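Text of the file input-v6.cif, holding mmCIF, C-alpha atoms; chains and numbers go by the auth columns:
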data_data
#
loop_
_atom_site.group_PDB
_atom_site.id
_atom_site.type_symbol
_atom_site.label_atom_id
_atom_site.label_comp_id
_atom_site.label_asym_id
_atom_site.label_seq_id
_atom_site.Cartn_x
_atom_site.Cartn_y
_atom_site.Cartn_z
_atom_site.B_iso_or_equiv
_atom_site.auth_seq_id
_atom_site.auth_asym_id
ATOM 1 C CA MET A 1 12.079 -26.289 -22.949 0.00 497 A
ATOM 2 C CA PRO A 2 11.344 -23.699 -25.680 0.00 498 A
ATOM 3 C CA ASN A 3 7.602 -24.313 -25.362 0.00 499 A
ATOM 4 C CA GLN A 4 7.769 -23.753 -21.619 0.00 500 A
ATOM 5 C CA SER A 5 9.631 -20.457 -22.003 0.00 501 A
ATOM 6 C CA ILE A 6 7.090 -19.330 -24.631 0.00 502 A
ATOM 7 C CA ALA A 7 4.274 -20.190 -22.209 0.00 503 A
ATOM 8 C CA ILE A 8 5.973 -18.162 -19.448 0.00 504 A
ATOM 9 C CA GLU A 9 6.381 -15.169 -21.760 0.00 505 A
ATOM 10 C CA ASN A 10 2.743 -15.468 -22.854 0.00 506 A
ATOM 11 C CA ILE A 11 1.428 -15.467 -19.302 0.00 507 A
ATOM 12 C CA LYS A 12 3.559 -12.447 -18.395 0.00 508 A
ATOM 13 C CA SER A 13 1.963 -10.517 -21.260 0.00 509 A
ATOM 14 C CA LEU A 14 -1.593 -11.125 -20.018 0.00 510 A
ATOM 15 C CA THR A 15 -3.542 -8.413 -18.195 0.00 511 A
ATOM 16 C CA ASP A 16 -4.627 -8.879 -14.594 0.00 512 A
ATOM 17 C CA VAL A 17 -8.219 -9.486 -15.724 0.00 513 A
ATOM 18 C CA GLU A 18 -7.080 -12.169 -18.191 0.00 514 A
ATOM 19 C CA LEU A 19 -5.018 -13.848 -15.478 0.00 515 A
ATOM 20 C CA ILE A 20 -8.026 -13.831 -13.146 0.00 516 A
ATOM 21 C CA ALA A 21 -10.157 -15.452 -15.851 0.00 517 A
ATOM 22 C CA ASP A 22 -7.475 -18.124 -16.328 0.00 518 A
ATOM 23 C CA ALA A 23 -7.247 -18.725 -12.579 0.00 519 A
ATOM 24 C CA ILE A 24 -11.035 -19.088 -12.281 0.00 520 A
ATOM 25 C CA ARG A 25 -10.907 -21.658 -15.106 0.00 521 A
ATOM 26 C CA GLY A 26 -8.424 -23.623 -12.997 0.00 522 A
ATOM 27 C CA ARG A 27 -5.138 -22.539 -14.566 0.00 523 A
ATOM 28 C CA GLU A 28 -2.823 -22.322 -11.555 0.00 524 A
ATOM 29 C CA ASP A 29 -0.104 -20.337 -13.321 0.00 525 A
ATOM 30 C CA GLY A 30 -2.613 -17.498 -13.852 0.00 526 A
ATOM 31 C CA PHE A 31 -2.888 -16.937 -10.113 0.00 527 A
ATOM 32 C CA GLU A 32 0.837 -17.562 -9.608 0.00 528 A
ATOM 33 C CA GLU A 33 1.573 -14.697 -12.002 0.00 529 A
ATOM 34 C CA LEU A 34 -0.762 -12.391 -10.059 0.00 530 A
ATOM 35 C CA VAL A 35 1.099 -13.290 -6.860 0.00 531 A
ATOM 36 C CA ARG A 36 4.447 -12.663 -8.592 0.00 532 A
ATOM 37 C CA ARG A 37 3.277 -9.209 -9.705 0.00 533 A
ATOM 38 C CA TYR A 38 1.839 -8.052 -6.407 0.00 534 A
ATOM 39 C CA GLN A 39 3.448 -9.974 -3.547 0.00 535 A
ATOM 40 C CA ARG A 40 6.307 -7.527 -3.005 0.00 536 A
ATOM 41 C CA PRO A 41 4.234 -4.283 -3.034 0.00 537 A
ATOM 42 C CA ILE A 42 1.543 -5.834 -0.827 0.00 538 A
ATOM 43 C CA THR A 43 4.128 -7.116 1.661 0.00 539 A
ATOM 44 C CA SER A 44 5.742 -3.659 1.671 0.00 540 A
ATOM 45 C CA TYR A 45 2.383 -1.963 2.286 0.00 541 A
ATOM 46 C CA VAL A 46 1.435 -4.336 5.113 0.00 542 A
ATOM 47 C CA TYR A 47 4.895 -4.004 6.682 0.00 543 A
ATOM 48 C CA ARG A 48 4.633 -0.206 6.674 0.00 544 A
ATOM 49 C CA MET A 49 1.301 -0.585 8.454 0.00 545 A
ATOM 50 C CA LEU A 50 2.375 -3.156 11.061 0.00 546 A
ATOM 51 C CA ASN A 51 6.099 -2.408 11.543 0.00 547 A
ATOM 52 C CA ASP A 52 6.591 -6.160 12.006 0.00 548 A
ATOM 53 C CA TYR A 53 8.263 -8.151 9.233 0.00 549 A
ATOM 54 C CA GLU A 54 7.148 -11.639 10.319 0.00 550 A
ATOM 55 C CA ALA A 55 3.576 -10.453 10.850 0.00 551 A
ATOM 56 C CA SER A 56 3.578 -8.735 7.455 0.00 552 A
ATOM 57 C CA LEU A 57 4.560 -12.007 5.762 0.00 553 A
ATOM 58 C CA ASP A 58 1.760 -13.862 7.569 0.00 554 A
ATOM 59 C CA VAL A 59 -0.823 -11.188 6.743 0.00 555 A
ATOM 60 C CA THR A 60 0.299 -11.065 3.089 0.00 556 A
ATOM 61 C CA GLN A 61 -0.110 -14.819 2.815 0.00 557 A
ATOM 62 C CA GLU A 62 -3.577 -14.458 4.351 0.00 558 A
ATOM 63 C CA VAL A 63 -4.371 -11.720 1.807 0.00 559 A
ATOM 64 C CA PHE A 64 -3.527 -13.905 -1.184 0.00 560 A
ATOM 65 C CA ILE A 65 -5.509 -16.829 0.239 0.00 561 A
ATOM 66 C CA LYS A 66 -8.510 -14.495 0.564 0.00 562 A
ATOM 67 C CA VAL A 67 -7.933 -13.194 -2.964 0.00 563 A
ATOM 68 C CA TYR A 68 -7.750 -16.726 -4.371 0.00 564 A
ATOM 69 C CA ASN A 69 -10.966 -17.711 -2.608 0.00 565 A
ATOM 70 C CA SER A 70 -12.720 -14.531 -3.764 0.00 566 A
ATOM 71 C CA LEU A 71 -11.651 -14.362 -7.424 0.00 567 A
ATOM 72 C CA GLU A 72 -15.133 -15.197 -8.713 0.00 568 A
ATOM 73 C CA ARG A 73 -16.506 -12.188 -6.822 0.00 569 A
ATOM 74 C CA TYR A 74 -14.016 -9.777 -8.393 0.00 570 A
ATOM 75 C CA SER A 75 -15.645 -7.212 -10.683 0.00 571 A
ATOM 76 C CA SER A 76 -13.622 -5.911 -13.625 0.00 572 A
ATOM 77 C CA ASP A 77 -15.370 -2.556 -13.075 0.00 573 A
ATOM 78 C CA TYR A 78 -12.538 -1.923 -10.596 0.00 574 A
ATOM 79 C CA LYS A 79 -8.786 -2.140 -11.038 0.00 575 A
ATOM 80 C CA PHE A 80 -7.524 -5.446 -9.662 0.00 576 A
ATOM 81 C CA SER A 81 -4.746 -3.648 -7.760 0.00 577 A
ATOM 82 C CA THR A 82 -7.298 -1.413 -5.987 0.00 578 A
ATOM 83 C CA TRP A 83 -9.388 -4.452 -5.024 0.00 579 A
ATOM 84 C CA LEU A 84 -6.243 -6.216 -3.811 0.00 580 A
ATOM 85 C CA TYR A 85 -5.117 -3.253 -1.703 0.00 581 A
ATOM 86 C CA ARG A 86 -8.561 -3.086 -0.130 0.00 582 A
ATOM 87 C CA ILE A 87 -8.284 -6.719 0.954 0.00 583 A
ATOM 88 C CA ALA A 88 -4.754 -6.028 2.265 0.00 584 A
ATOM 89 C CA HIS A 89 -5.955 -2.893 4.083 0.00 585 A
ATOM 90 C CA ASN A 90 -8.754 -4.821 5.800 0.00 586 A
ATOM 91 C CA ALA A 91 -6.414 -7.705 6.696 0.00 587 A
ATOM 92 C CA ALA A 92 -3.857 -5.319 8.239 0.00 588 A
ATOM 93 C CA ILE A 93 -6.559 -3.493 10.228 0.00 589 A
ATOM 94 C CA ASP A 94 -7.976 -6.850 11.403 0.00 590 A
ATOM 95 C CA TYR A 95 -4.506 -7.924 12.514 0.00 591 A
ATOM 96 C CA MET A 96 -4.013 -4.681 14.445 0.00 592 A
ATOM 97 C CA ARG A 97 -7.402 -5.063 16.118 0.00 593 A
ATOM 98 C CA ARG A 98 -6.641 -8.648 17.097 0.00 594 A
ATOM 99 C CA ASN A 99 -3.356 -7.485 18.571 0.00 595 A
ATOM 100 C CA SER A 100 -4.754 -4.300 20.163 0.00 596 A
ATOM 101 C CA MET A 101 -2.694 -2.023 17.916 0.00 597 A
ATOM 102 C CA VAL A 102 -5.568 0.309 16.937 0.00 598 A
ATOM 103 C CA LYS A 103 -6.182 2.783 19.730 0.00 599 A
ATOM 104 C CA GLN A 104 -6.101 6.177 18.087 0.00 600 A
ATOM 105 C CA SER A 105 -9.163 8.367 17.877 0.00 601 A
ATOM 106 C CA ILE A 106 -10.074 10.396 14.813 0.00 602 A
ATOM 107 C CA GLU A 107 -10.171 14.139 15.025 0.00 603 A
ATOM 108 C CA ALA A 108 -12.240 16.378 12.804 0.00 604 A
ATOM 109 C CA GLU A 109 -10.410 18.197 10.023 0.00 605 A
ATOM 110 C CA ASN A 110 -11.351 20.899 7.581 0.00 606 A
ATOM 111 C CA ALA A 111 -8.585 21.232 4.988 0.00 607 A
ATOM 112 C CA ASP A 112 -8.375 20.804 1.227 0.00 608 A
ATOM 113 C CA GLY A 113 -5.464 18.358 1.032 0.00 609 A
ATOM 114 C CA THR A 114 -3.461 20.389 -1.457 0.00 610 A
ATOM 115 C CA TYR A 115 -0.130 20.363 0.409 0.00 611 A
ATOM 116 C CA GLN A 116 2.250 17.756 -1.018 0.00 612 A
ATOM 117 C CA LEU A 117 5.139 16.075 0.787 0.00 613 A
ATOM 118 C CA GLN A 118 7.523 14.230 -1.522 0.00 614 A
ATOM 119 C CA LEU A 119 8.565 11.079 0.319 0.00 615 A
ATOM 120 C CA GLU A 120 11.028 9.758 -2.230 0.00 616 A
ATOM 121 C CA SER A 121 12.712 11.157 -5.279 0.00 617 A
ATOM 122 C CA PRO A 122 13.312 8.543 -7.983 0.00 618 A
ATOM 123 C CA ASN A 123 16.749 7.555 -9.292 0.00 619 A
ATOM 124 C CA PRO A 124 19.138 9.230 -6.838 0.00 620 A
ATOM 125 C CA THR A 125 22.704 9.625 -8.039 0.00 621 A
ATOM 126 C CA PRO A 126 25.302 7.420 -6.290 0.00 622 A
ATOM 127 C CA GLU A 127 26.791 10.291 -4.316 0.00 623 A
ATOM 128 C CA GLN A 128 23.294 11.129 -2.983 0.00 624 A
ATOM 129 C CA GLU A 129 22.552 7.572 -1.895 0.00 625 A
ATOM 130 C CA ARG A 130 23.847 7.850 1.682 0.00 626 A
ATOM 131 C CA GLU A 131 21.934 11.090 2.321 0.00 627 A
ATOM 132 C CA ARG A 132 18.838 9.638 0.682 0.00 628 A
ATOM 133 C CA THR A 133 19.053 6.512 2.831 0.00 629 A
ATOM 134 C CA GLU A 134 19.320 8.629 5.984 0.00 630 A
ATOM 135 C CA TRP A 135 16.423 10.797 4.829 0.00 631 A
ATOM 136 C CA ARG A 136 14.264 7.745 4.046 0.00 632 A
ATOM 137 C CA ASN A 137 15.052 6.372 7.509 0.00 633 A
ATOM 138 C CA GLU A 138 13.969 9.680 9.051 0.00 634 A
ATOM 139 C CA ILE A 139 10.751 9.627 7.005 0.00 635 A
ATOM 140 C CA ASP A 140 10.051 6.011 7.966 0.00 636 A
ATOM 141 C CA SER A 141 10.509 6.797 11.655 0.00 637 A
ATOM 142 C CA VAL A 142 8.166 9.799 11.388 0.00 638 A
ATOM 143 C CA VAL A 143 5.554 7.781 9.466 0.00 639 A
ATOM 144 C CA LYS A 144 5.684 5.118 12.200 0.00 640 A
ATOM 145 C CA CYS A 145 4.827 7.801 14.769 0.00 641 A
ATOM 146 C CA LEU A 146 1.597 8.738 12.983 0.00 642 A
ATOM 147 C CA PRO A 147 -1.722 7.405 14.286 0.00 643 A
ATOM 148 C CA VAL A 148 -2.748 4.347 12.261 0.00 644 A
ATOM 149 C CA VAL A 149 -5.592 6.127 10.454 0.00 645 A
ATOM 150 C CA TYR A 150 -3.128 8.662 9.063 0.00 646 A
ATOM 151 C CA ARG A 151 -0.185 6.314 8.520 0.00 647 A
ATOM 152 C CA ASP A 152 -2.308 4.047 6.322 0.00 648 A
ATOM 153 C CA LEU A 153 -3.217 6.910 3.985 0.00 649 A
ATOM 154 C CA ILE A 154 0.347 8.262 3.778 0.00 650 A
ATOM 155 C CA VAL A 155 1.662 4.790 2.871 0.00 651 A
ATOM 156 C CA LEU A 156 -1.034 4.248 0.235 0.00 652 A
ATOM 157 C CA ARG A 157 -0.445 7.673 -1.296 0.00 653 A
ATOM 158 C CA HIS A 158 3.328 8.084 -1.167 0.00 654 A
ATOM 159 C CA SER A 159 4.712 4.542 -0.989 0.00 655 A
ATOM 160 C CA GLN A 160 2.169 2.725 -3.143 0.00 656 A
ATOM 161 C CA ASP A 161 1.370 5.692 -5.450 0.00 657 A
ATOM 162 C CA LEU A 162 -2.401 5.276 -5.264 0.00 658 A
ATOM 163 C CA SER A 163 -4.602 8.159 -6.367 0.00 659 A
ATOM 164 C CA TYR A 164 -7.031 9.848 -3.968 0.00 660 A
ATOM 165 C CA ASP A 165 -9.904 8.001 -5.660 0.00 661 A
ATOM 166 C CA GLU A 166 -8.120 4.653 -5.325 0.00 662 A
ATOM 167 C CA ILE A 167 -7.382 5.324 -1.646 0.00 663 A
ATOM 168 C CA ALA A 168 -11.062 6.087 -1.075 0.00 664 A
ATOM 169 C CA GLU A 169 -11.926 2.774 -2.754 0.00 665 A
ATOM 170 C CA VAL A 170 -9.344 0.830 -0.721 0.00 666 A
ATOM 171 C CA THR A 171 -10.278 2.312 2.663 0.00 667 A
ATOM 172 C CA GLY A 172 -14.011 2.787 2.110 0.00 668 A
ATOM 173 C CA LEU A 173 -13.671 6.436 3.178 0.00 669 A
ATOM 174 C CA PRO A 174 -15.357 9.370 1.410 0.00 670 A
ATOM 175 C CA LEU A 175 -12.999 11.169 -0.981 0.00 671 A
ATOM 176 C CA GLY A 176 -13.191 14.384 1.055 0.00 672 A
ATOM 177 C CA THR A 177 -12.205 12.514 4.217 0.00 673 A
ATOM 178 C CA VAL A 178 -9.212 10.978 2.429 0.00 674 A
ATOM 179 C CA LYS A 179 -8.024 14.429 1.319 0.00 675 A
ATOM 180 C CA ASN A 180 -8.591 15.975 4.752 0.00 676 A
ATOM 181 C CA ARG A 181 -6.789 13.195 6.605 0.00 677 A
ATOM 182 C CA LEU A 182 -3.871 13.255 4.166 0.00 678 A
ATOM 183 C CA PHE A 183 -3.581 17.001 4.690 0.00 679 A
ATOM 184 C CA ARG A 184 -3.683 16.498 8.457 0.00 680 A
ATOM 185 C CA ALA A 185 -1.126 13.645 8.251 0.00 681 A
ATOM 186 C CA ARG A 186 1.296 15.807 6.259 0.00 682 A
ATOM 187 C CA GLU A 187 0.905 18.649 8.744 0.00 683 A
ATOM 188 C CA MET A 188 1.633 16.244 11.610 0.00 684 A
ATOM 189 C CA MET A 189 4.694 14.952 9.748 0.00 685 A
ATOM 190 C CA ARG A 190 5.902 18.485 9.086 0.00 686 A
ATOM 191 C CA ASP A 191 5.587 19.322 12.798 0.00 687 A
ATOM 192 C CA MET A 192 7.553 16.190 13.717 0.00 688 A
ATOM 193 C CA PHE A 193 10.290 17.020 11.203 0.00 689 A
ATOM 194 C CA ILE A 194 10.567 20.542 12.646 0.00 690 A
ATOM 195 C CA GLU A 195 10.841 19.058 16.157 0.00 691 A
ATOM 196 C CA ARG A 196 13.707 16.891 14.854 0.00 692 A
ATOM 197 C CA GLY A 197 15.518 19.940 13.530 0.00 693 A
ATOM 198 C CA PHE A 198 14.537 19.776 9.861 0.00 694 A
ATOM 199 C CA THR A 199 13.505 23.117 8.378 0.00 695 A
ATOM 200 C CA GLY A 200 12.133 24.178 5.018 0.00 696 A
ATOM 201 C CA ILE A 201 9.579 21.338 4.970 0.00 697 A
#
Could you render the structure from this file as structure tokens?
Amino acid sequence: MPNQSIAIENIKSLTDVELIADAIRGREDGFEELVRRYQRPITSYVYRMLNDYEASLDVTQEVFIKVYNSLERYSSDYKFSTWLYRIAHNAAIDYMRRNSMVKQSIEAENADGTYQLQLESPNPTPEQERERTEWRNEIDSVVKCLPVVYRDLIVLRHSQDLSYDEIAEVTGLPLGTVKNRLFRAREMMRDMFIERGFTGI
């Protein structure tokens, strides 16, 4: 078994682009490693979009099937994760359209997107965990109330830690639109928090 464990360690040390090259050459464990790296964050992203766990599993599976079938079209000019999130974004939107979940209209905004809302603070101390869990639940419930076009951007920015440029690439929106909608989404969230009795946000 030593050789097998060495092979596993070797594949874990490869970059995404190297794993894609291996997968295209027919090495199944190359694609399996890509799935291992990204399945959880993609499922989390899709779930935050759909608010349906079973549907998010189905859509995530669909995403990785599409990725597998499209590997030869991937361009290393782009980060693999950005390309993957774009496929996941499109799959989630398609699912919502098929199930009549996209109804919201887009309003015009003129804002610079500089206001920041910190959704999670890393490494809470044990005594803060209960409060943090309650706060995260409040945030999740507010995010779920946002129109889809805003919720998607908030999840990509604050849950998946994508940059503005990466969000523009994933969604196909102009960078200025991404910034404006994120600003608008944060303002909407702030209003909802105030309605719920939270101040200082």
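Going from atom CA of A:Leu553 over to atom CA of A:Ile538, you cover 9.5 Å.
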Which residues, named as in the file, does the PyMOL selection byres ((chain A and resi 660) around 12) pick out? Answer as a PyMOL selection string.
chain A and resi 578+609-610+649-650+652-654+656-659+661-679
Could you turn the residues from that selection into a file that holds C-alpha atoms, as a PDB file, in the coordinates of the input?
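Everything below was put into again-v2.pdb:
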ATOM      1  CA  THR A 578      -7.298  -1.413  -5.987  1.00  0.00           C
ATOM      2  CA  GLY A 609      -5.464  18.358   1.032  1.00  0.00           C
ATOM      3  CA  THR A 610      -3.461  20.389  -1.457  1.00  0.00           C
ATOM      4  CA  LEU A 649      -3.217   6.910   3.985  1.00  0.00           C
ATOM      5  CA  ILE A 650       0.347   8.262   3.778  1.00  0.00           C
ATOM      6  CA  LEU A 652      -1.034   4.248   0.235  1.00  0.00           C
ATOM      7  CA  ARG A 653      -0.445   7.673  -1.296  1.00  0.00           C
ATOM      8  CA  HIS A 654       3.328   8.084  -1.167  1.00  0.00           C
ATOM      9  CA  GLN A 656       2.169   2.725  -3.143  1.00  0.00           C
ATOM     10  CA  ASP A 657       1.370   5.692  -5.450  1.00  0.00           C
ATOM     11  CA  LEU A 658      -2.401   5.276  -5.264  1.00  0.00           C
ATOM     12  CA  SER A 659      -4.602   8.159  -6.367  1.00  0.00           C
ATOM     13  CA  ASP A 661      -9.904   8.001  -5.660  1.00  0.00           C
ATOM     14  CA  GLU A 662      -8.120   4.653  -5.325  1.00  0.00           C
ATOM     15  CA  ILE A 663      -7.382   5.324  -1.646  1.00  0.00           C
ATOM     16  CA  ALA A 664     -11.062   6.087  -1.075  1.00  0.00           C
ATOM     17  CA  GLU A 665     -11.926   2.774  -2.754  1.00  0.00           C
ATOM     18  CA  VAL A 666      -9.344   0.830  -0.721  1.00  0.00           C
ATOM     19  CA  THR A 667     -10.278   2.312   2.663  1.00  0.00           C
ATOM     20  CA  GLY A 668     -14.011   2.787   2.110  1.00  0.00           C
ATOM     21  CA  LEU A 669     -13.671   6.436   3.178  1.00  0.00           C
ATOM     22  CA  PRO A 670     -15.357   9.370   1.410  1.00  0.00           C
ATOM     23  CA  LEU A 671     -12.999  11.169  -0.981  1.00  0.00           C
ATOM     24  CA  GLY A 672     -13.191  14.384   1.055  1.00  0.00           C
ATOM     25  CA  THR A 673     -12.205  12.514   4.217  1.00  0.00           C
ATOM     26  CA  VAL A 674      -9.212  10.978   2.429  1.00  0.00           C
ATOM     27  CA  LYS A 675      -8.024  14.429   1.319  1.00  0.00           C
ATOM     28  CA  ASN A 676      -8.591  15.975   4.752  1.00  0.00           C
ATOM     29  CA  ARG A 677      -6.789  13.195   6.605  1.00  0.00           C
ATOM     30  CA  LEU A 678      -3.871  13.255   4.166  1.00  0.00           C
ATOM     31  CA  PHE A 679      -3.581  17.001   4.690  1.00  0.00           C
TER      32      PHE A 679
END
Determine the residue set returned by the PyMOL selection byres ((chain A and resi 686-695) around 10) for the present structure, and present it as a count of residues only.
15
Which neighbours of stretch 509-526 of chain A fall inside 7 Å, counting all atoms listed in the file, when residues of the same chain fewer than 5 positions from it are skipped, and could you give them as a VMD selection string?
chain A and resid 567 to 568 572 576
Preceding selection exported with C-alpha atoms as a PDB file, in the coordinates of the input:
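Final output, again.pdb:
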ATOM      1  CA  LEU A 567     -11.651 -14.362  -7.424  1.00  0.00           C
ATOM      2  CA  GLU A 568     -15.133 -15.197  -8.713  1.00  0.00           C
ATOM      3  CA  SER A 572     -13.622  -5.911 -13.625  1.00  0.00           C
ATOM      4  CA  PHE A 576      -7.524  -5.446  -9.662  1.00  0.00           C
TER       5      PHE A 576
END
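If you look at atom CA of A:Ile507 and atom CA of A:Val531, they are 12.6 Å away from each other.
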Top pick for closest residue to A:Glu528, considering A:Ile561, A:Ser571, A:Ser540, A:Arg593 and counting all atoms listed in the file:
A:Ile561
Can you translate the PyMOL selection byres ((chain A and resi 586) around 12) into the concrete residues it hits in this file, as a PDB file with C-alpha atoms, in the coordinates of the input?
ATOM      1  CA  VAL A 542       1.435  -4.336   5.113  1.00  0.00           C
ATOM      2  CA  MET A 545       1.301  -0.585   8.454  1.00  0.00           C
ATOM      3  CA  VAL A 555      -0.823 -11.188   6.743  1.00  0.00           C
ATOM      4  CA  THR A 556       0.299 -11.065   3.089  1.00  0.00           C
ATOM      5  CA  GLU A 558      -3.577 -14.458   4.351  1.00  0.00           C
ATOM      6  CA  VAL A 559      -4.371 -11.720   1.807  1.00  0.00           C
ATOM      7  CA  LYS A 562      -8.510 -14.495   0.564  1.00  0.00           C
ATOM      8  CA  TRP A 579      -9.388  -4.452  -5.024  1.00  0.00           C
ATOM      9  CA  LEU A 580      -6.243  -6.216  -3.811  1.00  0.00           C
ATOM     10  CA  TYR A 581      -5.117  -3.253  -1.703  1.00  0.00           C
ATOM     11  CA  ARG A 582      -8.561  -3.086  -0.130  1.00  0.00           C
ATOM     12  CA  ILE A 583      -8.284  -6.719   0.954  1.00  0.00           C
ATOM     13  CA  ALA A 584      -4.754  -6.028   2.265  1.00  0.00           C
ATOM     14  CA  HIS A 585      -5.955  -2.893   4.083  1.00  0.00           C
ATOM     15  CA  ALA A 587      -6.414  -7.705   6.696  1.00  0.00           C
ATOM     16  CA  ALA A 588      -3.857  -5.319   8.239  1.00  0.00           C
ATOM     17  CA  ILE A 589      -6.559  -3.493  10.228  1.00  0.00           C
ATOM     18  CA  ASP A 590      -7.976  -6.850  11.403  1.00  0.00           C
ATOM     19  CA  TYR A 591      -4.506  -7.924  12.514  1.00  0.00           C
ATOM     20  CA  MET A 592      -4.013  -4.681  14.445  1.00  0.00           C
ATOM     21  CA  ARG A 593      -7.402  -5.063  16.118  1.00  0.00           C
ATOM     22  CA  ASP A 648      -2.308   4.047   6.322  1.00  0.00           C
ATOM     23  CA  GLU A 665     -11.926   2.774  -2.754  1.00  0.00           C
ATOM     24  CA  VAL A 666      -9.344   0.830  -0.721  1.00  0.00           C
ATOM     25  CA  THR A 667     -10.278   2.312   2.663  1.00  0.00           C
ATOM     26  CA  GLY A 668     -14.011   2.787   2.110  1.00  0.00           C
TER      27      GLY A 668
END
Please report the interatomic distance between atom CA of A:Tyr574 and atom CA of A:Arg532 in Å with one decimal.
20.2 Å
